[in-house]
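Asks: So that we are looking at the same thing, I have put the structure below in structure tokens.
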Amino acid sequence: MTPDARTRGHTPAAALAGLVAVGAGLAVGELVAALIDPAASPYFAVGAAVVDHAPTVGREFAIGTFGTADKPALYIGMGVLIAIIAAGCGIAERRRPPLGSVIIGVFGAIGVLAALDRPDSRWTFVLPSVLGAAVAVVVLRMLLTLLDPTDREAPVGADTVSPPDDDATRSQGVGRRFVLAAGGVAALAVVVGTVGRRMLADTARTVADRTRIVLPTPRSAAPPVPPGADLDLPGATPFVTANDDFYRIDTALQVPNLTTDDWSLRIHGLVDNEIRIGWDELLAMPMTERLVTLTCVSNDVGGDLIDNARWLGVPMKTLLDRAGVQAGADMLLSTSSDGWTCGTPVSAVTDGRDALLVVGMNGEPLPVEHGFPVRQVVPGLYGYVSATKWVVDWELTRFADAEAYWTTRGWSALGPIKLASRIDRPTDSRQSEGEIVLAGTAWAQHTGVAAVDVRIDEGPWQPAELATEYSVDTWRQWRYVWSATPGEHTVECRATDQNGQQQVEAYAAPIPDGATGLDSRIYTID
Ligand SMILES: Nc1nc2c(c(=O)[nH]1)N[C@H]1C(S)=C(S)[C@@H](COP(=O)(O)O)O[C@H]1N2
Ligand SMILES: [Mo]
């Protein structure tokens with residue numbers, strides 16, 4: 001076939017290929033945005049950029065013409081414009097490849113710029129546009145290849161096996177494979193786009209709801225962090241973890257998007273009165289604020305699945321007392337809105353420790369991925385047996401009668417946090433000889449850390465200096481000044497708790513009830 005032949009015929013089909021390809025790209029963009037942040041949606045970011053940067057005359061014209069429907073009008077207008085350009089991309093790609101792909105790339109770049117222009121944008125905001133444009137280009141090229149199948153395929157309706165090769169016959173029909181592929185991609189794009197939009201709308205609802213919340217002042221405030229509690233050494237872990245840096249562990253593929261209106265907690269099972277608490281009722285109850293260090297049972301020796309935050313919430317016991325726990329109930333089986341379950345000993349919730357039904361984290365409403373609007377925090381227990389996020393249901397039951405999510409998968413039913421310690425700095429394993437400030441953290445939640453010792457090359461244990469204790473429910477920093485000599489050296493640390501228990505030195509893997517063993521680091525001293 002001559003290049004000239006390519007340009008003839010099939011123009012509507014090429015336009016259709018452009019529409020389908022760009023539609024698929026937009027759908028993927030919406031789905032990826034839904035997984036990142038509603039504000040990362042290329043379509044709406046571009047719309048928002050138009051609104052933000054439109055000259056006043058344009059804006060006044062729009063409001064004057066469309067009134068309060070100015071935004072839907074804008075999005076519909078954008079849709080029509082994009083459809084025209086998409087059809088043009090299809091035709092351009094067929095006549096002057098890769099012109100159509102280039103135009104799609106330019107629009108991808110506009111999407112990237114608009115998304116990065118959003119307040120609070122992060123680098124991940126580029127992904128919806130980049131992936132969307134990539135999908136659009138791939139689909140467009142695939143469809144156009146099927147449209148001109150280099151004489152391999154007969155047009156629809158042709159009953160000969162041998163391909164007709166005059167242009168007139170060629171333009172009579174479009175390849176069956178093209179029609180199937182275009183239809184298939186279009187159908188898939190509608191599904192992906194609908195799912196993406198649905199998820200985006202849910203996320204946007206939750207984000208808007210969260211932004212409106214004004215947290216109450218606690219009846220019992222968290223004591224301020226004394227200066228000596230955070231040694232503030234470069235490379236060492238900060239005493240309080242910022243929300244964005246806080247480790248995250250859950251089974252949720254898509255974070256549950258609840259609103260405070262959706263939320264309620266049902267308390268039932270072995271109770272005197274079955275009750276249901278709503279958000280407003282919860283927020284009106286006296287609040288307690290505490291610093292508590294959360295730890296994951298999967299945290300291996302030296303691992304970082306541990307962080308410390310200031311939590312605001314209602315003592316869980318207040319709610320249990322309202323329901324009236326019956327004798328014999330020893331397990332609080334909590335369930336999240338996405339069906340994850342957790343079994344907490346009733347005794348750990350009622351023995352006076354600060355077990356909280358939490359609404360605030362470091363002075364903000366709970367971040368969505370940390371359980372918005374309500375989660376549990378119980379000092380001294382691993383997260384899998386205590387820290388239910390998006391919690392909506394409490395059943396009072398017995399360990400003999402019920403099993404929670406991880407217990408049915410081989411983890412222990414009880415999960416008190418094990419005494420442990422970690423070396424955090426220096427982070428660089430190459431150092432020069434002389435005094436090196438080693439530092440790290442140790443934790444024995446709800447018992448408290450009494451001492452940390454350090455040894456070099458399995459020599460004698462030497463006491464490290466401890467940071468000021470904040471509370472027994474939080475981790476405690478330590479430092480040790482080491483006069484390092486040239487060569488390769490192994491540093492180890494070992495904590496002792498306030499009951500005089502020493503950290504178990506023998507290594508055990510996290511499953512079934514938490515790791516043991518000493519953290520060690522090898523430093524090469526020049
Ligand atoms: N709904 C729900 N809550 C959950 C989990 C979960 O998978 N789903 N994981 C738990 C585990 S194993 C841990 S360690 C903590 C982690 O809390 P974070 O993600 O806020 O750090 O949440 C707990 N709460
Ligand atoms: Mo965990």
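Please note that chains go A, B, ... in the order of the structure tokens, that every chain numbers its residues from 1, and that ligands are numbered from 1 in the order shown.
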Within 10 Å of ligand 2 (counting only C-alpha atoms and all ligand atoms), which residues show up? I'd like them as a PyMOL selection string.
Replies: chain A and resi 247-251+294-299+305-306+382-387+406+514
Asks: Name the residues in contact with segment 221-235 of chain A at a cut-off of 7 Å, using only C-alpha atoms, excluding same-chain residues fewer than 4 positions from it; report them as a tab-separated table (two decimals) with C-alpha atoms, in the first residue's frame.
Replies:
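Output below, filename around_19.tsv:
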chain	number	residue	atom	x	y	z
A	239	PHE	CA	9.85	11.76	69.55
A	288	THR	CA	-8.83	12.68	76.87
A	289	GLU	CA	-5.65	13.44	74.99
A	290	ARG	CA	-2.54	11.26	75.37
A	291	LEU	CA	0.72	10.46	73.64
A	424	ASP	CA	18.74	4.85	64.69
A	425	ARG	CA	21.91	6.84	64.18
A	426	PRO	CA	24.35	7.40	62.70
A	427	THR	CA	22.50	6.30	59.57
A	467	ALA	CA	16.11	10.79	77.39
A	468	THR	CA	13.60	12.17	79.91
A	469	GLU	CA	10.69	9.77	80.26
A	470	TYR	CA	7.44	11.16	78.86
A	477	GLN	CA	15.18	7.78	73.24
Asks: Hey, what does DSSP flag as strand (DSSP E or B) within segment 174-407 of chain A? Can you give it to me as a ChimeraX atom specification?
Replies: /A:175,220,264-269,271,275-278,288-295,306-315,325,331-336,341-345,356-361,364-365,375-377,381,391-397
Asks: Please, could you write that set of residues out with C-alpha atoms as a PDB file, in the first residue's frame?
Replies:
ATOM      1  CA  GLY A 175     -11.906  -4.587   9.877  1.00  0.00           C
ATOM      2  CA  SER A 220      -7.801  15.921  80.242  1.00  0.00           C
ATOM      3  CA  SER A 264     -21.976   5.141  64.341  1.00  0.00           C
ATOM      4  CA  LEU A 265     -20.734   2.556  66.796  1.00  0.00           C
ATOM      5  CA  ARG A 266     -23.013  -0.284  67.761  1.00  0.00           C
ATOM      6  CA  ILE A 267     -22.237  -1.985  71.069  1.00  0.00           C
ATOM      7  CA  HIS A 268     -23.850  -5.365  71.579  1.00  0.00           C
ATOM      8  CA  GLY A 269     -23.298  -8.959  72.689  1.00  0.00           C
ATOM      9  CA  VAL A 271     -24.013  -6.271  77.538  1.00  0.00           C
ATOM     10  CA  ILE A 275     -26.526   0.864  72.395  1.00  0.00           C
ATOM     11  CA  ARG A 276     -25.561   2.842  69.320  1.00  0.00           C
ATOM     12  CA  ILE A 277     -23.440   6.000  69.557  1.00  0.00           C
ATOM     13  CA  GLY A 278     -23.400   8.607  66.789  1.00  0.00           C
ATOM     14  CA  THR A 288      -8.826  12.683  76.872  1.00  0.00           C
ATOM     15  CA  GLU A 289      -5.646  13.441  74.990  1.00  0.00           C
ATOM     16  CA  ARG A 290      -2.542  11.256  75.365  1.00  0.00           C
ATOM     17  CA  LEU A 291       0.717  10.459  73.641  1.00  0.00           C
ATOM     18  CA  VAL A 292       0.802   6.755  72.856  1.00  0.00           C
ATOM     19  CA  THR A 293       3.363   4.797  70.841  1.00  0.00           C
ATOM     20  CA  LEU A 294       1.690   2.366  68.439  1.00  0.00           C
ATOM     21  CA  THR A 295       3.550  -0.749  67.262  1.00  0.00           C
ATOM     22  CA  ILE A 306       6.361   1.881  65.263  1.00  0.00           C
ATOM     23  CA  ASP A 307       5.459   5.552  65.766  1.00  0.00           C
ATOM     24  CA  ASN A 308       4.276   7.937  68.411  1.00  0.00           C
ATOM     25  CA  ALA A 309       1.402  10.442  68.201  1.00  0.00           C
ATOM     26  CA  ARG A 310      -0.861  12.605  70.313  1.00  0.00           C
ATOM     27  CA  TRP A 311      -4.307  11.030  70.276  1.00  0.00           C
ATOM     28  CA  LEU A 312      -7.598  12.683  71.251  1.00  0.00           C
ATOM     29  CA  GLY A 313     -10.569  10.540  72.140  1.00  0.00           C
ATOM     30  CA  VAL A 314     -13.143   9.249  74.576  1.00  0.00           C
ATOM     31  CA  PRO A 315     -11.984   6.619  77.075  1.00  0.00           C
ATOM     32  CA  VAL A 325     -20.428  -5.364  80.279  1.00  0.00           C
ATOM     33  CA  MET A 331     -13.098 -10.069  74.664  1.00  0.00           C
ATOM     34  CA  LEU A 332     -14.034  -6.836  72.945  1.00  0.00           C
ATOM     35  CA  LEU A 333     -14.449  -7.898  69.328  1.00  0.00           C
ATOM     36  CA  SER A 334     -14.295  -4.742  67.215  1.00  0.00           C
ATOM     37  CA  THR A 335     -15.106  -4.555  63.506  1.00  0.00           C
ATOM     38  CA  SER A 336     -14.210  -1.891  60.969  1.00  0.00           C
ATOM     39  CA  THR A 341     -11.919  -7.671  63.071  1.00  0.00           C
ATOM     40  CA  CYS A 342      -9.831  -7.360  66.195  1.00  0.00           C
ATOM     41  CA  GLY A 343     -10.071  -9.024  69.604  1.00  0.00           C
ATOM     42  CA  THR A 344      -8.986  -6.935  72.598  1.00  0.00           C
ATOM     43  CA  PRO A 345      -9.024  -8.185  76.201  1.00  0.00           C
ATOM     44  CA  LEU A 356      -9.195   5.625  73.715  1.00  0.00           C
ATOM     45  CA  LEU A 357     -11.845   5.726  71.030  1.00  0.00           C
ATOM     46  CA  VAL A 358      -9.876   8.250  69.009  1.00  0.00           C
ATOM     47  CA  VAL A 359     -11.073  11.114  66.797  1.00  0.00           C
ATOM     48  CA  GLY A 360      -7.923  13.271  66.680  1.00  0.00           C
ATOM     49  CA  MET A 361      -4.259  12.674  65.823  1.00  0.00           C
ATOM     50  CA  GLU A 364      -6.063  17.142  63.499  1.00  0.00           C
ATOM     51  CA  PRO A 365      -9.089  14.974  62.769  1.00  0.00           C
ATOM     52  CA  ARG A 375     -10.397   4.380  65.628  1.00  0.00           C
ATOM     53  CA  GLN A 376      -9.086   2.705  68.775  1.00  0.00           C
ATOM     54  CA  VAL A 377      -5.728   3.165  70.496  1.00  0.00           C
ATOM     55  CA  LEU A 381      -0.993  -3.922  72.804  1.00  0.00           C
ATOM     56  CA  VAL A 391     -14.369   1.105  63.815  1.00  0.00           C
ATOM     57  CA  VAL A 392     -18.161   0.722  63.675  1.00  0.00           C
ATOM     58  CA  ASP A 393     -19.041  -2.305  65.784  1.00  0.00           C
ATOM     59  CA  TRP A 394     -18.203  -3.632  69.232  1.00  0.00           C
ATOM     60  CA  GLU A 395     -19.332  -7.049  70.314  1.00  0.00           C
ATOM     61  CA  LEU A 396     -18.692  -8.169  73.873  1.00  0.00           C
ATOM     62  CA  THR A 397     -17.836 -11.844  73.731  1.00  0.00           C
TER      63      THR A 397
END
Asks: Just to confirm, what's the straight-line distance from atom CA of Arg212 of chain A to atom CA of Pro286 of chain A in Å (one decimal)?
Replies: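 Atom CA of Arg212 of chain A sits 20.4 Å away from atom CA of Pro286 of chain A.
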Asks: May I ask which of the residues A:Phe61, A:Trp411, A:Trp475, A:Trp461 is the closest one to Cys493 of chain A, counting only C-alpha atoms?
Replies: A:Trp461
Asks: Need the shell around Ile436 of chain A: protein/DNA/RNA residues with any atom at most 12 Å away, counting only C-alpha atoms. Skip same-chain ones fewer than 2 positions apart. Format as an mmCIF file with N, CA and C atoms, in the first residue's frame?
Replies:
data_model
loop_
_atom_site.group_PDB
_atom_site.id
_atom_site.type_symbol
_atom_site.label_atom_id
_atom_site.label_comp_id
_atom_site.auth_asym_id
_atom_site.auth_seq_id
_atom_site.Cartn_x
_atom_site.Cartn_y
_atom_site.Cartn_z
ATOM 1 N N LEU A 233 18.589 14.598 67.772
ATOM 2 C CA LEU A 233 19.872 14.380 67.092
ATOM 3 C C LEU A 233 19.614 14.152 65.605
ATOM 4 N N ARG A 425 20.868 6.008 64.775
ATOM 5 C CA ARG A 425 21.911 6.837 64.176
ATOM 6 C C ARG A 425 23.274 6.475 64.715
ATOM 7 N N PRO A 426 24.354 6.757 64.006
ATOM 8 C CA PRO A 426 24.347 7.401 62.696
ATOM 9 C C PRO A 426 23.783 6.472 61.611
ATOM 10 N N THR A 427 23.121 7.093 60.622
ATOM 11 C CA THR A 427 22.495 6.300 59.569
ATOM 12 C C THR A 427 23.528 5.797 58.563
ATOM 13 N N ASP A 428 24.618 6.543 58.417
ATOM 14 C CA ASP A 428 25.659 6.163 57.457
ATOM 15 C C ASP A 428 26.603 5.142 58.114
ATOM 16 N N SER A 429 26.796 4.003 57.464
ATOM 17 C CA SER A 429 27.596 2.942 58.091
ATOM 18 C C SER A 429 29.099 3.210 57.994
ATOM 19 N N ARG A 430 29.513 4.239 57.261
ATOM 20 C CA ARG A 430 30.939 4.622 57.211
ATOM 21 C C ARG A 430 31.130 5.867 58.059
ATOM 22 N N GLN A 431 32.057 5.788 59.005
ATOM 23 C CA GLN A 431 32.295 6.911 59.903
ATOM 24 C C GLN A 431 33.794 7.078 60.092
ATOM 25 N N SER A 432 34.213 8.268 60.556
ATOM 26 C CA SER A 432 35.637 8.443 60.844
ATOM 27 C C SER A 432 35.882 8.198 62.318
ATOM 28 N N GLU A 433 37.113 7.833 62.615
ATOM 29 C CA GLU A 433 37.446 7.460 63.987
ATOM 30 C C GLU A 433 37.264 8.642 64.925
ATOM 31 N N GLY A 434 37.020 8.337 66.209
ATOM 32 C CA GLY A 434 36.789 9.378 67.209
ATOM 33 C C GLY A 434 35.430 9.181 67.853
ATOM 34 N N LEU A 438 25.983 7.551 69.112
ATOM 35 C CA LEU A 438 24.989 6.552 68.729
ATOM 36 C C LEU A 438 23.686 6.949 69.412
ATOM 37 N N ALA A 439 22.577 6.729 68.727
ATOM 38 C CA ALA A 439 21.295 7.012 69.381
ATOM 39 C C ALA A 439 20.218 6.124 68.798
ATOM 40 N N ARG A 479 21.021 7.641 74.021
ATOM 41 C CA ARG A 479 22.243 7.972 73.273
ATOM 42 C C ARG A 479 23.447 7.403 73.997
ATOM 43 N N TYR A 480 24.488 7.169 73.217
ATOM 44 C CA TYR A 480 25.710 6.591 73.778
ATOM 45 C C TYR A 480 26.877 7.146 72.979
ATOM 46 N N VAL A 481 27.835 7.716 73.676
ATOM 47 C CA VAL A 481 28.981 8.279 72.969
ATOM 48 C C VAL A 481 30.071 7.206 72.889
ATOM 49 N N TRP A 482 30.414 6.877 71.688
ATOM 50 C CA TRP A 482 31.338 5.768 71.410
ATOM 51 C C TRP A 482 32.645 6.321 70.863
ATOM 52 N N SER A 483 33.766 5.927 71.479
ATOM 53 C CA SER A 483 35.078 6.326 70.950
ATOM 54 C C SER A 483 35.494 5.258 69.958
ATOM 55 N N ALA A 484 35.209 5.518 68.710
ATOM 56 C CA ALA A 484 35.381 4.491 67.681
ATOM 57 C C ALA A 484 36.808 4.456 67.158
ATOM 58 N N THR A 485 37.301 3.236 67.040
ATOM 59 C CA THR A 485 38.646 3.043 66.494
ATOM 60 C C THR A 485 38.521 2.465 65.082
ATOM 61 N N VAL A 491 27.685 -2.856 66.594
ATOM 62 C CA VAL A 491 27.061 -2.192 67.734
ATOM 63 C C VAL A 491 25.727 -2.883 68.010
ATOM 64 N N TYR A 523 29.377 -0.826 61.637
ATOM 65 C CA TYR A 523 29.960 0.438 61.180
ATOM 66 C C TYR A 523 31.400 0.205 60.745
ATOM 67 N N ILE A 525 34.815 2.059 60.353
ATOM 68 C CA ILE A 525 35.445 3.294 60.827
ATOM 69 C C ILE A 525 36.766 3.497 60.080
#
Asks: Report the distance between atom CA of Glu505 of chain A and atom CA of Pro238 of chain A in Å, rounded to one decimal place.
Replies: 26.0 Å
Asks: Closest to ligand 1 among A:Ala187, A:Ala242, A:Leu200, A:Ala444, using only C-alpha atoms and all ligand atoms?
Replies: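 Checking each of A:Ala187, A:Ala242, A:Leu200, A:Ala444 against ligand 1, counting only C-alpha atoms and all ligand atoms, the winner is A:Ala242.
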